[in-house]
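Source file my_file.cif; content: mmCIF, C-alpha atoms.
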data_query
#
loop_
_atom_site.label_atom_id
_atom_site.label_comp_id
_atom_site.auth_asym_id
_atom_site.auth_seq_id
_atom_site.Cartn_x
_atom_site.Cartn_y
_atom_site.Cartn_z
CA MET A 1 -20.20 -27.57 3.46
CA THR A 2 -21.18 -26.85 7.04
CA VAL A 3 -24.78 -25.79 7.59
CA VAL A 4 -24.92 -22.18 8.79
CA SER A 5 -28.06 -20.81 10.42
CA GLY A 6 -29.03 -17.23 11.00
CA LEU A 7 -28.66 -15.51 14.35
CA ASP A 8 -31.28 -16.06 17.02
CA GLY A 9 -34.12 -13.56 16.87
CA SER A 10 -33.26 -12.21 20.31
CA ARG A 11 -29.98 -10.89 18.88
CA TYR A 12 -32.00 -8.19 17.10
CA THR A 13 -34.35 -7.24 19.93
CA SER A 14 -32.62 -7.75 23.28
CA PRO A 15 -31.29 -4.68 25.14
CA GLU A 16 -28.88 -6.95 27.03
CA ILE A 17 -27.35 -8.25 23.82
CA ALA A 18 -27.19 -4.71 22.43
CA THR A 19 -25.09 -3.80 25.47
CA LEU A 20 -22.76 -6.77 24.86
CA GLU A 21 -22.31 -5.73 21.24
CA ARG A 22 -21.51 -2.19 22.28
CA GLU A 23 -18.87 -3.31 24.75
CA GLN A 24 -17.35 -6.22 22.81
CA ILE A 25 -17.57 -5.02 19.20
CA LEU A 26 -18.62 -1.46 18.54
CA LEU A 27 -16.58 0.72 20.91
CA ALA A 28 -13.38 -1.03 19.80
CA SER A 29 -14.11 -0.68 16.07
CA TRP A 30 -12.88 1.90 13.58
CA GLN A 31 -15.52 4.39 12.49
CA LEU A 32 -15.02 6.58 9.44
CA ALA A 33 -15.34 10.15 10.69
CA CYS A 34 -14.60 12.31 7.65
CA HIS A 35 -12.23 13.07 4.82
CA VAL A 36 -9.12 15.16 5.45
CA SER A 37 -10.59 17.81 3.13
CA ASP A 38 -13.46 18.26 5.60
CA LEU A 39 -10.89 19.67 8.05
CA PRO A 40 -9.03 22.04 5.71
CA ALA A 41 -7.43 24.46 8.18
CA ALA A 42 -6.08 24.66 11.71
CA GLY A 43 -8.93 24.88 14.20
CA THR A 44 -11.51 23.09 12.07
CA ALA A 45 -13.19 20.34 14.03
CA LEU A 46 -15.79 17.60 13.69
CA ARG A 47 -18.11 16.03 16.22
CA VAL A 48 -18.47 12.22 15.95
CA ASP A 49 -21.23 10.39 17.83
CA PHE A 50 -21.32 6.61 17.98
CA ALA A 51 -22.72 3.92 20.28
CA GLY A 52 -23.56 6.39 23.04
CA ARG A 53 -20.13 8.08 22.97
CA SER A 54 -19.10 11.41 21.49
CA ALA A 55 -15.71 12.53 20.19
CA VAL A 56 -14.30 15.66 18.63
CA VAL A 57 -11.69 15.47 15.87
CA VAL A 58 -9.63 18.64 15.34
CA ARG A 59 -6.87 19.74 12.98
CA GLY A 60 -4.07 21.33 14.99
CA GLY A 61 -1.83 24.22 14.19
CA ASP A 62 0.88 21.78 13.14
CA GLY A 63 -1.47 20.20 10.57
CA GLY A 64 -1.98 17.01 12.58
CA ILE A 65 -5.45 15.56 13.19
CA ARG A 66 -6.24 14.41 16.73
CA GLY A 67 -9.32 13.15 18.53
CA PHE A 68 -10.64 13.51 22.06
CA LEU A 69 -13.69 12.52 24.02
CA ASN A 70 -16.22 15.33 23.59
CA VAL A 71 -16.58 15.71 27.36
CA CYS A 72 -15.24 18.52 29.53
CA ARG A 73 -13.07 17.34 32.43
CA HIS A 74 -14.70 19.88 34.76
CA ARG A 75 -18.43 19.07 34.91
CA GLY A 76 -18.89 16.66 32.02
CA SER A 77 -20.55 19.01 29.53
CA ARG A 78 -20.32 18.24 25.84
CA ILE A 79 -17.80 20.70 24.41
CA VAL A 80 -18.52 20.76 20.68
CA ASP A 81 -21.98 20.61 19.12
CA GLY A 82 -21.07 21.42 15.53
CA ASP A 83 -23.45 21.71 12.62
CA PRO A 84 -26.62 19.64 13.25
CA ARG A 85 -26.11 17.60 10.07
CA THR A 86 -22.39 17.58 9.32
CA GLY A 87 -21.00 17.93 12.86
CA LEU A 88 -18.42 20.44 11.56
CA ALA A 89 -17.24 23.26 13.83
CA PHE A 90 -14.44 25.79 14.17
CA CYS A 91 -12.32 26.36 17.26
CA VAL A 92 -11.48 30.00 17.94
CA GLN A 93 -7.69 30.41 18.12
CA GLY A 94 -7.37 26.63 17.91
CA ARG A 95 -8.95 26.09 21.33
CA LEU A 96 -11.85 23.93 22.41
CA ARG A 97 -13.94 25.96 24.85
CA CYS A 98 -16.56 24.37 27.08
CA PRO A 99 -19.79 26.43 26.85
CA TYR A 100 -20.74 25.61 30.47
CA HIS A 101 -17.94 27.14 32.60
CA GLY A 102 -15.45 28.27 29.96
CA TRP A 103 -12.64 25.78 30.51
CA GLU A 104 -10.40 25.79 27.42
CA TYR A 105 -8.26 23.07 25.86
CA ASP A 106 -5.61 23.45 23.15
CA ASP A 107 -5.38 21.42 19.95
CA HIS A 108 -3.38 18.74 21.79
CA GLY A 109 -6.14 18.35 24.39
CA ALA A 110 -4.16 20.01 27.18
CA LEU A 111 -6.02 22.23 29.64
CA ALA A 112 -5.03 25.75 28.59
CA HIS A 113 -7.25 28.10 30.60
CA VAL A 114 -9.47 27.91 33.67
CA PRO A 115 -11.57 30.95 34.60
CA HIS A 116 -11.06 31.92 38.26
CA GLU A 117 -8.30 29.34 38.49
CA ALA A 118 -7.28 30.56 41.94
CA SER A 119 -10.59 29.25 43.31
CA TYR A 120 -9.57 25.66 42.44
CA PRO A 121 -6.92 24.88 45.08
CA GLY A 122 -4.54 22.12 44.08
CA ILE A 123 -5.79 21.85 40.48
CA ASP A 124 -3.44 19.78 38.33
CA ARG A 125 -3.60 21.04 34.75
CA ALA A 126 -1.42 18.24 33.43
CA ALA A 127 -3.88 15.65 34.70
CA SER A 128 -6.99 17.51 33.56
CA GLY A 129 -6.64 17.45 29.78
CA LEU A 130 -9.16 15.92 27.42
CA GLU A 131 -9.19 12.13 27.15
CA PRO A 132 -7.77 11.09 23.74
CA VAL A 133 -9.43 8.68 21.33
CA ALA A 134 -7.65 6.62 18.68
CA VAL A 135 -7.35 8.39 15.30
CA GLU A 136 -5.90 7.05 12.05
CA SER A 137 -5.82 8.39 8.49
CA TRP A 138 -5.90 6.09 5.47
CA LEU A 139 -5.88 7.22 1.84
CA GLY A 140 -7.32 10.57 2.85
CA PHE A 141 -10.06 9.29 5.15
CA VAL A 142 -10.03 9.82 8.94
CA PHE A 143 -11.10 7.02 11.28
CA VAL A 144 -11.73 7.14 15.04
CA ALA A 145 -12.24 4.48 17.70
CA PHE A 146 -13.34 4.93 21.30
CA ARG A 147 -11.21 1.98 22.37
CA ARG A 148 -8.02 0.97 20.59
CA PRO A 149 -8.94 -1.81 18.11
CA ALA A 150 -6.82 -4.93 17.83
CA ARG A 151 -5.74 -4.03 14.29
CA THR A 152 -4.91 -0.77 12.57
CA VAL A 153 -7.03 0.61 9.74
CA ALA A 154 -4.11 0.06 7.36
CA ALA A 155 -3.83 -3.60 8.37
CA MET A 156 -7.56 -4.20 7.95
CA LEU A 157 -7.69 -2.61 4.50
CA GLU A 158 -4.31 -3.77 3.21
CA PRO A 159 -5.87 -6.50 0.99
CA VAL A 160 -7.73 -3.84 -1.02
CA ARG A 161 -5.23 -1.01 -0.82
CA ALA A 162 -3.75 -1.53 -4.29
CA GLU A 163 -7.12 -1.41 -6.04
CA LEU A 164 -8.27 1.69 -4.12
CA GLU A 165 -5.05 3.70 -4.39
CA SER A 166 -5.67 4.16 -8.11
CA ARG A 167 -9.00 5.88 -7.30
CA CYS A 168 -7.13 8.93 -5.92
CA PHE A 169 -9.02 9.00 -2.62
CA GLU A 170 -6.79 11.77 -1.26
CA ARG A 171 -8.13 14.17 -3.92
CA LEU A 172 -11.80 13.56 -3.14
CA ARG A 173 -14.08 16.38 -2.00
CA ARG A 174 -17.50 16.17 -0.37
CA LEU A 175 -20.39 16.62 -2.80
CA ALA A 176 -23.17 17.45 -0.33
CA GLU A 177 -24.18 17.27 3.31
CA PRO A 178 -24.56 13.80 4.84
CA GLN A 179 -27.92 12.08 4.48
CA LEU A 180 -29.42 10.61 7.66
CA GLN A 181 -32.17 7.99 7.67
CA ARG A 182 -33.65 6.56 10.84
CA CYS A 183 -34.74 2.94 10.55
CA GLN A 184 -36.86 0.81 12.86
CA ALA A 185 -34.52 -2.13 12.42
CA ASP A 186 -31.47 -3.39 14.27
CA TRP A 187 -28.04 -2.35 12.97
CA LYS A 188 -27.05 -5.96 12.25
CA LEU A 189 -30.15 -6.41 10.12
CA LEU A 190 -29.19 -3.41 7.98
CA CYS A 191 -25.68 -4.79 7.54
CA GLU A 192 -26.98 -8.26 6.65
CA HIS A 193 -29.42 -6.78 4.17
CA ARG A 194 -26.57 -5.04 2.33
CA LEU A 195 -24.78 -8.39 2.01
CA ASP A 196 -27.90 -10.35 1.06
CA THR A 197 -28.23 -10.70 -2.73
CA PHE A 198 -31.03 -13.28 -2.84
CA HIS A 199 -33.77 -10.78 -1.99
CA LEU A 200 -33.20 -8.61 -5.06
CA ALA A 201 -35.41 -10.63 -7.40
CA ILE A 202 -38.10 -11.36 -4.78
CA ALA A 203 -38.51 -8.36 -2.49
CA ARG A 204 -38.25 -5.96 -5.46
CA PRO A 205 -40.53 -7.51 -8.10
CA LEU A 206 -41.13 -4.22 -9.95
CA ARG A 207 -38.67 -1.85 -11.59
CA LYS A 208 -35.40 -2.11 -9.72
CA PRO A 209 -33.45 0.97 -8.58
CA ARG A 210 -30.03 -0.57 -9.25
CA VAL A 211 -27.17 0.58 -11.45
CA GLY A 212 -25.29 -2.74 -11.33
CA GLY A 213 -25.87 -6.19 -12.75
CA GLU A 214 -25.01 -9.58 -11.29
CA ILE A 215 -23.06 -9.24 -8.04
CA GLU A 216 -19.82 -11.08 -7.31
CA ILE A 217 -18.66 -11.38 -3.70
CA ALA A 218 -15.06 -11.87 -2.61
CA VAL A 219 -13.54 -12.13 0.86
CA CYS A 220 -10.57 -9.75 1.13
CA GLY A 221 -8.62 -10.66 4.23
CA ASP A 222 -10.27 -10.94 7.62
CA ASP A 223 -12.26 -7.71 7.74
CA VAL A 224 -13.41 -6.77 4.23
CA LEU A 225 -15.92 -8.11 1.71
CA ARG A 226 -15.97 -6.80 -1.85
CA LEU A 227 -19.27 -6.82 -3.74
CA SER A 228 -18.72 -5.89 -7.38
CA SER A 229 -20.83 -5.74 -10.49
CA ARG A 230 -20.72 -4.34 -13.97
CA ILE A 231 -22.80 -1.21 -14.52
CA GLU A 232 -25.58 -2.32 -16.80
CA ALA A 233 -29.25 -1.44 -16.53
CA GLY A 234 -31.65 -3.97 -18.00
CA GLU A 235 -35.28 -3.62 -18.97
CA SER A 236 -36.33 -4.28 -15.38
CA SER A 237 -34.41 -1.24 -14.11
CA THR A 238 -35.98 2.13 -13.35
CA TRP A 239 -35.66 4.86 -15.98
CA SER A 240 -33.13 6.73 -13.84
CA ALA A 241 -30.92 3.62 -13.61
CA ARG A 242 -31.12 3.16 -17.38
CA ALA A 243 -30.33 6.85 -17.91
CA TYR A 244 -27.32 6.59 -15.58
CA ASP A 245 -26.01 3.65 -17.57
CA ARG A 246 -26.52 5.57 -20.81
CA TRP A 247 -25.14 8.97 -19.83
CA LEU A 248 -22.30 7.97 -17.50
CA PRO A 249 -19.27 9.70 -19.04
CA GLU A 250 -16.16 7.72 -19.83
CA PRO A 251 -13.28 8.71 -17.53
CA ALA A 252 -10.07 10.09 -18.92
CA GLU A 253 -8.31 6.84 -17.97
CA SER A 254 -10.30 4.94 -20.62
CA ALA A 255 -7.84 2.04 -20.45
CA ASP A 256 -9.00 1.26 -16.90
CA PRO A 257 -11.00 -1.99 -17.18
CA ARG A 258 -13.02 -1.05 -14.09
CA ARG A 259 -14.39 2.16 -15.57
CA ARG A 260 -17.85 0.58 -15.95
CA PHE A 261 -17.84 -1.28 -12.64
CA LEU A 262 -19.27 -0.65 -9.19
CA ALA A 263 -17.34 -2.02 -6.21
CA CYS A 264 -18.74 -1.94 -2.67
CA TYR A 265 -16.33 -2.70 0.17
CA PHE A 266 -18.02 -3.79 3.38
CA VAL A 267 -15.64 -3.19 6.28
CA TRP A 268 -16.31 -4.96 9.57
CA PRO A 269 -18.47 -4.27 11.46
CA ASN A 270 -20.71 -1.54 9.98
CA LEU A 271 -19.09 0.43 7.15
CA GLU A 272 -19.60 0.36 3.38
CA ILE A 273 -17.39 2.17 0.87
CA ALA A 274 -19.16 2.17 -2.50
CA VAL A 275 -16.89 3.17 -5.39
CA TYR A 276 -18.75 4.27 -8.52
CA PRO A 277 -17.11 5.72 -11.64
CA ASP A 278 -18.58 9.14 -10.77
CA GLN A 279 -18.33 9.23 -6.96
CA VAL A 280 -17.56 7.42 -3.71
CA VAL A 281 -20.40 6.90 -1.23
CA ILE A 282 -19.60 6.22 2.43
CA SER A 283 -22.39 4.56 4.43
CA SER A 284 -22.21 3.87 8.15
CA VAL A 285 -24.87 1.89 10.02
CA LEU A 286 -25.10 3.53 13.45
CA PRO A 287 -26.81 1.55 16.25
CA LEU A 288 -29.23 3.52 18.40
CA GLN A 289 -30.74 0.81 20.58
CA ALA A 290 -31.93 -2.75 20.09
CA GLY A 291 -34.15 -2.75 17.01
CA GLN A 292 -33.34 0.83 15.95
CA SER A 293 -30.52 2.30 13.89
CA LEU A 294 -29.45 5.29 11.84
CA LEU A 295 -27.97 5.10 8.36
CA ARG A 296 -25.53 7.90 7.57
CA SER A 297 -24.43 8.35 3.96
CA VAL A 298 -22.13 10.97 2.45
CA SER A 299 -20.77 11.27 -1.09
CA TYR A 300 -17.30 12.34 -2.23
CA ALA A 301 -15.93 12.82 -5.73
CA LEU A 302 -12.99 14.08 -7.71
CA PRO A 303 -13.44 17.69 -8.86
CA ASP A 304 -15.37 17.64 -12.16
CA ALA A 305 -18.05 20.24 -12.89
CA SER A 306 -18.81 19.09 -16.42
CA ARG A 307 -22.46 18.83 -17.40
CA ALA A 308 -22.18 15.11 -18.14
CA MET A 309 -20.68 14.35 -14.74
CA ARG A 310 -23.23 16.48 -12.90
CA LEU A 311 -26.00 14.61 -14.70
CA ALA A 312 -24.50 11.22 -13.82
CA ARG A 313 -24.22 12.17 -10.15
CA TYR A 314 -27.80 13.42 -10.08
CA LEU A 315 -29.07 10.17 -11.59
CA ASN A 316 -26.93 8.12 -9.21
CA HIS A 317 -28.40 10.01 -6.25
CA ARG A 318 -31.92 9.52 -7.60
CA VAL A 319 -31.41 5.75 -7.91
CA ALA A 320 -29.86 5.57 -4.41
CA ARG A 321 -32.76 7.47 -2.86
CA ARG A 322 -35.30 5.04 -4.31
CA ALA A 323 -33.18 2.04 -3.29
CA ALA A 324 -32.85 3.38 0.27
CA ALA A 325 -36.63 3.64 0.56
CA ASP A 326 -37.00 0.03 -0.61
CA ASP A 327 -34.29 -1.15 1.80
CA ARG A 328 -35.97 0.59 4.70
CA ARG A 329 -39.33 -1.00 3.88
CA VAL A 330 -37.84 -4.50 3.65
CA THR A 331 -35.68 -4.33 6.79
CA GLU A 332 -38.44 -2.84 8.94
CA ARG A 333 -40.72 -5.64 7.75
CA VAL A 334 -38.15 -8.24 8.84
CA GLN A 335 -37.59 -6.48 12.18
CA ALA A 336 -41.35 -6.54 12.84
CA GLY A 337 -41.35 -10.31 12.31
CA LEU A 338 -38.33 -10.85 14.56
CA ALA A 339 -39.93 -8.75 17.30
CA THR A 340 -42.82 -11.20 17.64
CA GLY A 341 -40.45 -13.68 19.31
CA ALA A 342 -41.70 -16.54 17.12
CA TYR A 343 -38.68 -16.70 14.80
CA GLN A 344 -36.49 -19.80 14.79
CA PRO A 345 -33.20 -19.35 12.86
CA GLY A 346 -33.31 -20.80 9.36
CA PRO A 347 -30.44 -22.02 7.16
CA ILE A 348 -28.38 -19.67 5.02
CA SER A 349 -27.68 -20.79 1.47
CA ALA A 350 -24.11 -21.69 0.54
CA ASP A 351 -24.48 -19.14 -2.28
CA GLU A 352 -25.19 -16.36 0.22
CA SER A 353 -21.49 -16.03 0.99
CA GLY A 354 -21.65 -12.42 2.21
CA LEU A 355 -24.47 -13.09 4.61
CA ARG A 356 -22.79 -16.25 5.92
CA TRP A 357 -19.54 -14.30 6.46
CA PHE A 358 -21.25 -11.64 8.56
CA VAL A 359 -23.35 -14.05 10.63
CA GLU A 360 -20.41 -16.31 11.44
CA ARG A 361 -18.22 -13.31 12.28
CA MET A 362 -20.91 -11.89 14.56
CA ARG A 363 -21.42 -15.22 16.25
CA ARG A 364 -17.69 -15.45 17.05
CA ALA A 365 -17.42 -11.84 18.17
CA ILE A 366 -19.87 -11.98 21.06
CA VAL A 367 -18.95 -13.81 24.24
CA PRO A 368 -22.10 -14.18 26.34
CA PRO A 369 -21.75 -13.69 30.09
CA PRO A 370 -21.62 -16.89 32.14
CA SER A 371 -25.06 -18.08 33.07
CA ARG A 372 -25.92 -18.09 36.72
CA ALA A 373 -27.12 -21.43 37.94
CA PRO A 374 -30.26 -21.16 40.12
CA LYS A 375 -29.57 -21.59 43.81
CA ALA A 376 -30.63 -24.94 45.24
CA ARG A 377 -33.48 -24.79 47.66
CA HIS A 378 -33.05 -26.83 50.84
CA LYS A 379 -36.12 -28.40 52.31
CA ARG A 380 -36.67 -27.90 55.95
CA ALA A 381 -36.59 -31.05 57.97
#

What does the file become when written as structure tokens?
Amino acid sequence: MTVVSGLDGSRYTSPEIATLEREQILLASWQLACHVSDLPAAGTALRVDFAGRSAVVVRGGDGGIRGFLNVCRHRGSRIVDGDPRTGLAFCVQGRLRCPYHGWEYDDHGALAHVPHEASYPGIDRAASGLEPVAVESWLGFVFVAFRRPARTVAAMLEPVRAELESRCFERLRRLAEPQLQRCQADWKLLCEHRLDTFHLAIARPLRKPRVGGEIEIAVCGDDVLRLSSRIEAGESSTWSARAYDRWLPEPAESADPRRRFLACYFVWPNLEIAVYPDQVVISSVLPLQAGQSLLRSVSYALPDASRAMRLARYLNHRVARRAAADDRRVTERVQAGLATGAYQPGPISADESGLRWFVERMRRAIVPPPSRAPKARHKRA
């Protein structure tokens, strides 16, 4: 098997490389914005910020969901702020109104009203609508992209569609507000850490906040990795993980062989869909700048207010909170080492298939700019 080495340390610290990643990978990638249930009625909207861009997704009067750059065509003001944590907003009479000068756009992005319009000679309303962004819905989830990706969401996730359709994603509802965690580590490092299974026994020598056992990794097409494990808490697990294993209620579909399994789907380049028996957790790693990122997590579940299910979800959240703290400690420690500039890429084990997949994909995705040869100096005669 070919030897695969990690990425060069500068890939995690260089502002120039962060710019290349933004232009060549991130802006043309699908980002999970919300669930259709988060936009339940005409005029409900959602602000989506990613890689220095901002979009607004709105449900129109016809029931369709559309997305636009969150930038007024008049003076460039951001149009929708939304709730500080969820980004949710409501458009009065289905219109997006700029708070700076009052220009209004309808739910198709067309310019609908301009105060003192007579003072703008020659204004072309048809050419002054909001700039659209790509929007796609898949099994109840809404994705946006600031540049049209090469493949559709459906094409990317087709290899896992059959196994996820049975989870009734369209019926999911949000359990709580999104959780945001700032991390002093590069976005790629957070993604790699989620695909790295070797650290579990070393970096977490004490009680482990994990609800799953041994992890199996499978490549599902070109854009998805599946990490799956049976839910079983051993003696080395925290008490909350053991309690989750004990009290997790059996679903009504008891014949489903996956009822005691956890499956995490990592979707290129920065999304994880973790499917538990009691809930679905969506995690997006959002790059801020080189060496800094934001982890956004939000949980959805099928309606079930039973005491047993509420207990299982509480325990799951408790385990996840402890695991997130451990992950942050480990990744920030690695980032601090990379930032010294002394790191030389080491080999990646053949058994670290998830990590190898991400590193090789990242290496192929970035095309460095052509180097400029130094100008020759001519000696004076």

Using CA of Arg171 in chain A and CA of Gln31 in chain A as the two end points, give the distance in Å to one decimal.
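Atom-to-atom, CA of Arg171 in chain A to CA of Gln31 in chain A, that is 20.5 Å.
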
Between CA of Gly43 in chain A and CA of Cys98 in chain A, what is the spacing in Å?
15.0 Å

Measure the distance from CA of Phe146 in chain A to CA of Trp268 in chain A in Å and round it to one decimal.
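Those two atoms sit 15.6 Å apart.
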
List, as a PDB file with C-alpha atoms, in the coordinates of the input, every residue that the PyMOL selection byres ((chain A and resi 74) around 9) selects in the file provided.
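Okay, selection00.pdb is ready:
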ATOM      1  CA  VAL A  71     -16.580  15.710  27.360  1.00  0.00           C
ATOM      2  CA  CYS A  72     -15.240  18.520  29.530  1.00  0.00           C
ATOM      3  CA  ARG A  73     -13.070  17.340  32.430  1.00  0.00           C
ATOM      4  CA  ARG A  75     -18.430  19.070  34.910  1.00  0.00           C
ATOM      5  CA  GLY A  76     -18.890  16.660  32.020  1.00  0.00           C
ATOM      6  CA  SER A  77     -20.550  19.010  29.530  1.00  0.00           C
ATOM      7  CA  HIS A 101     -17.940  27.140  32.600  1.00  0.00           C
ATOM      8  CA  TRP A 103     -12.640  25.780  30.510  1.00  0.00           C
ATOM      9  CA  SER A 128      -6.990  17.510  33.560  1.00  0.00           C
TER      10      SER A 128
END

Nearest-residue call for Ile123 in chain A, choices A:Thr238, A:Val48, A:Pro149, A:Leu111, using all atoms listed in the file:
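Among A:Thr238, A:Val48, A:Pro149, A:Leu111, it is A:Leu111 that comes nearest to Ile123 in chain A.
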
Set out as JSON lines a contact list for range 42-93 of chain A and range 281-287 of chain A with a cut-off of 12 Å, giving each residue of range 42-93 of chain A that qualifies its closest atom pair and distance in Å to one decimal, counting all atoms listed in the file, ordered by chain and rising residue number.
{"residue": "A:Val48", "atom": "CA", "partner": "A:Leu286", "partner_atom": "CA", "distance": 11.2}
{"residue": "A:Asp49", "atom": "CA", "partner": "A:Leu286", "partner_atom": "CA", "distance": 9.0}
{"residue": "A:Phe50", "atom": "CA", "partner": "A:Leu286", "partner_atom": "CA", "distance": 6.7}
{"residue": "A:Ala51", "atom": "CA", "partner": "A:Pro287", "partner_atom": "CA", "distance": 6.2}
{"residue": "A:Gly52", "atom": "CA", "partner": "A:Pro287", "partner_atom": "CA", "distance": 8.9}
{"residue": "A:Arg53", "atom": "CA", "partner": "A:Pro287", "partner_atom": "CA", "distance": 11.5}

Would you kindly return, as a count of residues only, each protein, DNA or RNA residue with an atom no farther than 10 Å from any atom of Ala150 in chain A, considering all atoms listed in the file and excluding same-chain residues fewer than 6 positions away?
3

Can you give me, as a count of residues only, the residues this file yields under the PyMOL selection byres ((chain A and resi 314-330) around 7)?
14

Considering all atoms listed in the file, state which residue in the set A:Ser54, A:Thr44, A:Ser5, A:Gln292 is at the smallest distance from Gly94 in chain A.
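Using all atoms listed in the file, the shortest distance to Gly94 in chain A belongs to A:Thr44.
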
Which residue is closest to Arg182 in chain A? Choose from A:Pro115, A:Gly291, A:Gly87, A:Pro121 and count all atoms listed in the file.
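Ranked by minimum distance to Arg182 in chain A, first place goes to A:Gly291.
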
Which residue out of A:Val58, A:Val4, A:Ala118, A:Leu26 has the minimum interatomic distance to Tyr105 in chain A when all atoms listed in the file are used?
A:Val58

With 5 Å of padding per side, what axis-aligned box (centre and edge lengths, Å, one decimal) covers all the listed atoms of range 47-58 of chain A? Give it as AutoDock Vina command-line options.
--center_x -16.6 --center_y 11.3 --center_z 19.2 --size_x 23.9 --size_y 24.7 --size_z 17.7

Which residues, written as a PyMOL selection string, have at least one atom at most 8 Å from range 137-139 of chain A, with all atoms listed in the file counted and residues fewer than 2 positions away on the same chain left out?
chain A and resi 135+141-143+153-154+165+169-170

Mind checking which residues fall within 7 Å of Arg47 in chain A, counting all atoms listed in the file, ignoring those fewer than 4 positions away in the same chain, and posting them as a PyMOL selection string?
chain A and resi 55-57+80-82+87-88

What does the file look like for those residues with C-alpha atoms, as an mmCIF file, in the coordinates of the input?
data_model
loop_
_atom_site.group_PDB
_atom_site.id
_atom_site.type_symbol
_atom_site.label_atom_id
_atom_site.label_comp_id
_atom_site.auth_asym_id
_atom_site.auth_seq_id
_atom_site.Cartn_x
_atom_site.Cartn_y
_atom_site.Cartn_z
ATOM 1 C CA ALA A 55 -15.710 12.530 20.190
ATOM 2 C CA VAL A 56 -14.300 15.660 18.630
ATOM 3 C CA VAL A 57 -11.690 15.470 15.870
ATOM 4 C CA VAL A 80 -18.520 20.760 20.680
ATOM 5 C CA ASP A 81 -21.980 20.610 19.120
ATOM 6 C CA GLY A 82 -21.070 21.420 15.530
ATOM 7 C CA GLY A 87 -21.000 17.930 12.860
ATOM 8 C CA LEU A 88 -18.420 20.440 11.560
#

With distances taken over all atoms listed in the file, which of A:Gln289, A:Asn70, A:Ser229, A:Gln335 is nearest to Leu190 in chain A?
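Counting all atoms listed in the file, the residue closest to Leu190 in chain A is A:Gln335.
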
Suppose a student applies the PyMOL selection byres ((chain A and resi 113) around 10) to this structure; what residues should they get, written as JSON, numbers by chain?
{"A": [95, 97, 102, 103, 104, 105, 106, 110, 111, 112, 114, 115, 116, 117, 125]}

Residues at most 10 Å from Glu360 in chain A, counting all atoms listed in the file, excluding those fewer than 3 positions away in the same chain, as a PyMOL selection string?
chain A and resi 4-7+355-357+363-365
